[in-house]
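Report on the structure given below.
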Amino acid sequence: MRIDRDTAAPGDVALVDLLDRLLAGGVVLMGDVVISLADVDLIRVHLSALISSVDTLEIPSSKDSGSA
Amino acid sequence: MTLWVYGVVEPGSQLPDLPGVADATLRRVDAGEVSAVVCDAPEDVPAELADLLAHERVVEALLAAGPVLPARYGSRLPDEAAVVRVLTDGRHWPSALEQVRGRVELAVRAAWRGAVPATERTQEPAAGTGTATGPGRAFLERLAARSDAQVRLRERVHAPLAEVAADAVWRDGRGADESDEPARGSYLVDRGKVARMQELCSSLAEEPGLSVTCTGPWPPYSFSSPGGAP
């Protein structure tokens, strides 16, 4: 799946949206939060350091569907 | 063995032909009306981008094959018995799955570009409402302007997008323009309406007074919680 950033978006918007989904979204299976807030912050800081310039974020999959 | 969980799917769903996080092998845990896709969990929650992408890759492959309730990244359960217990805990897993069938998520960020346009501002407060001047009043007026800007943004961007979506979540941003945190919307959209939503976002983005970005389609992370109490 290709995540294309909007032409008006900063380079890492797609990545930030990915983080928003994975770390702050998704069902929490049990009552308590599995990842503590500190862990989430660490992951965000770590990943921010990895971001240089992301035009398109291509996630290769076993079959190239071309559209979701 | 601790299990890493990717999401909840229909019972008997086919497993994607992909490695999981830390190259683990995917497997399925069936629990009657729903199933979970899992793998052996690594010792800690890995924080490399490659690991997040591996998780996302699996979830997207699941999405391509049918409805999925994506689990939060890092979700782990002690063993298969625990997975079954969670999936049969009385929460409405099957109807939550049904709610996302054939639907994807679009993520929107929005802010006013520069000052809120005059046409969007509310009326000025009536003259003579108070004699106080100075930094206190100025502070309150700035607060009011920012909150007003967010209300206007919600009306301008969220309202038309929510019309097209099956479900929607909006979080106000901070501030009166794009220098602070943007407002964020998540929209659960029928696959057949994705193009229309993206066109709507594009035309909003083209307005000189608005800064709007739209990414996706995403798996429905923001719409994956089942109702009901465990």
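Letters A, B, ... mark the chains of the structure tokens in the order given; residue numbers begin at 1 per chain; ligand numbers begin at 1, in order shown.
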task: Determine which residues of chain B sit within 8 Å of chain A, taking into account only C-alpha atoms, and present them as a PyMOL selection string.
output: chain B and resi 16-18+47-49+52-53+56-57+60-61+64+69-76+86+107+191+205+211-217+220-226
task: Output as a VMD selection string all residues of stretch 26-190 of chain B that backbone DSSP marks as helix (DSSP H, G or I).
output: chain B and resid 49 to 65 80 to 87 93 to 99 118 to 120 135 to 164
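Distance-wise, atom CA of B:Ala176 and atom CA of B:Ser203 end up 21.1 Å apart.
Counting only C-alpha atoms, the residue from B:Ala166, B:Leu153, B:Val34, B:Val21 that sits nearest to B:His92 is B:Val34.
The residue that comes closest to B:Val164, out of B:Pro208, B:Gly114, B:Gly134, B:Gly192 and on the basis of only C-alpha atoms, is B:Gly192.
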Spatial neighbours of B:Pro67, 12 Å, only C-alpha atoms, chain gap at least 3 places, as a PyMOL selection string: chain B and resi 7-11+13+34-36+59-64+70+93-104+190-191+219-221+223-224
message: Taking only chain B into account, list the residues labelled strand (DSSP E) by DSSP (computed from the backbone), as a PyMOL selection string.
response: chain B and resi 3-9+27-31+34-40+68-70+76-77+103-112+167-171+183-190+210-218
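Between atom CA of B:Ala24 and atom CA of B:Val83 the interatomic distance comes to 17.6 Å.
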task: Please provide as a PyMOL selection string all residues within 9 Å of stretch 167-169 of chain B, with the sequence filter that same-chain residues fewer than 5 positions apart are discarded (counting only C-alpha atoms).
output: chain B and resi 158+161-162+184-189+222-223
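The shell of residues at most 8 Å from B:Leu210, with only C-alpha atoms counted and near chain neighbours (fewer than 5 positions) removed, consists of Ala110, Ala111, Trp112, Arg113, Leu204 and Ala205 of chain B.
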Given the selection you just returned, output its residues as a file containing N, CA, C and O atoms, formatted as a tab-separated table (two decimals), in the first residue's frame.
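Generated file (again_32.tsv):
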chain	number	residue	atom	x	y	z
B	110	ALA	N	-5.97	19.36	10.09
B	110	ALA	CA	-6.45	20.64	9.56
B	110	ALA	C	-6.08	21.79	10.48
B	110	ALA	O	-6.04	21.64	11.71
B	111	ALA	N	-5.80	22.92	9.86
B	111	ALA	CA	-5.51	24.13	10.62
B	111	ALA	C	-5.84	25.32	9.72
B	111	ALA	O	-5.85	25.19	8.49
B	112	TRP	N	-6.09	26.45	10.32
B	112	TRP	CA	-6.23	27.67	9.54
B	112	TRP	C	-4.84	28.08	9.09
B	112	TRP	O	-3.87	28.00	9.83
B	113	ARG	N	-4.73	28.52	7.87
B	113	ARG	CA	-3.44	28.99	7.36
B	113	ARG	C	-3.40	30.48	7.59
B	113	ARG	O	-4.18	31.22	7.03
B	204	LEU	N	-10.77	21.17	-0.05
B	204	LEU	CA	-10.54	21.95	1.17
B	204	LEU	C	-9.09	22.40	1.23
B	204	LEU	O	-8.79	23.54	1.59
B	205	ALA	N	-8.19	21.51	0.85
B	205	ALA	CA	-6.76	21.84	0.89
B	205	ALA	C	-6.40	22.96	-0.07
B	205	ALA	O	-5.44	23.69	0.16
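Here atom CA of B:Gly32 stands at a distance of 28.7 Å from atom CA of B:Val45.
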- prompt: Which residues, written as an MDAnalysis selection string, have at least one atom at most 9 Å from B:Ala22, with only C-alpha atoms counted and residues fewer than 6 positions away on the same chain left out?
  reply: chainID B and resid 41:42 46 51 54
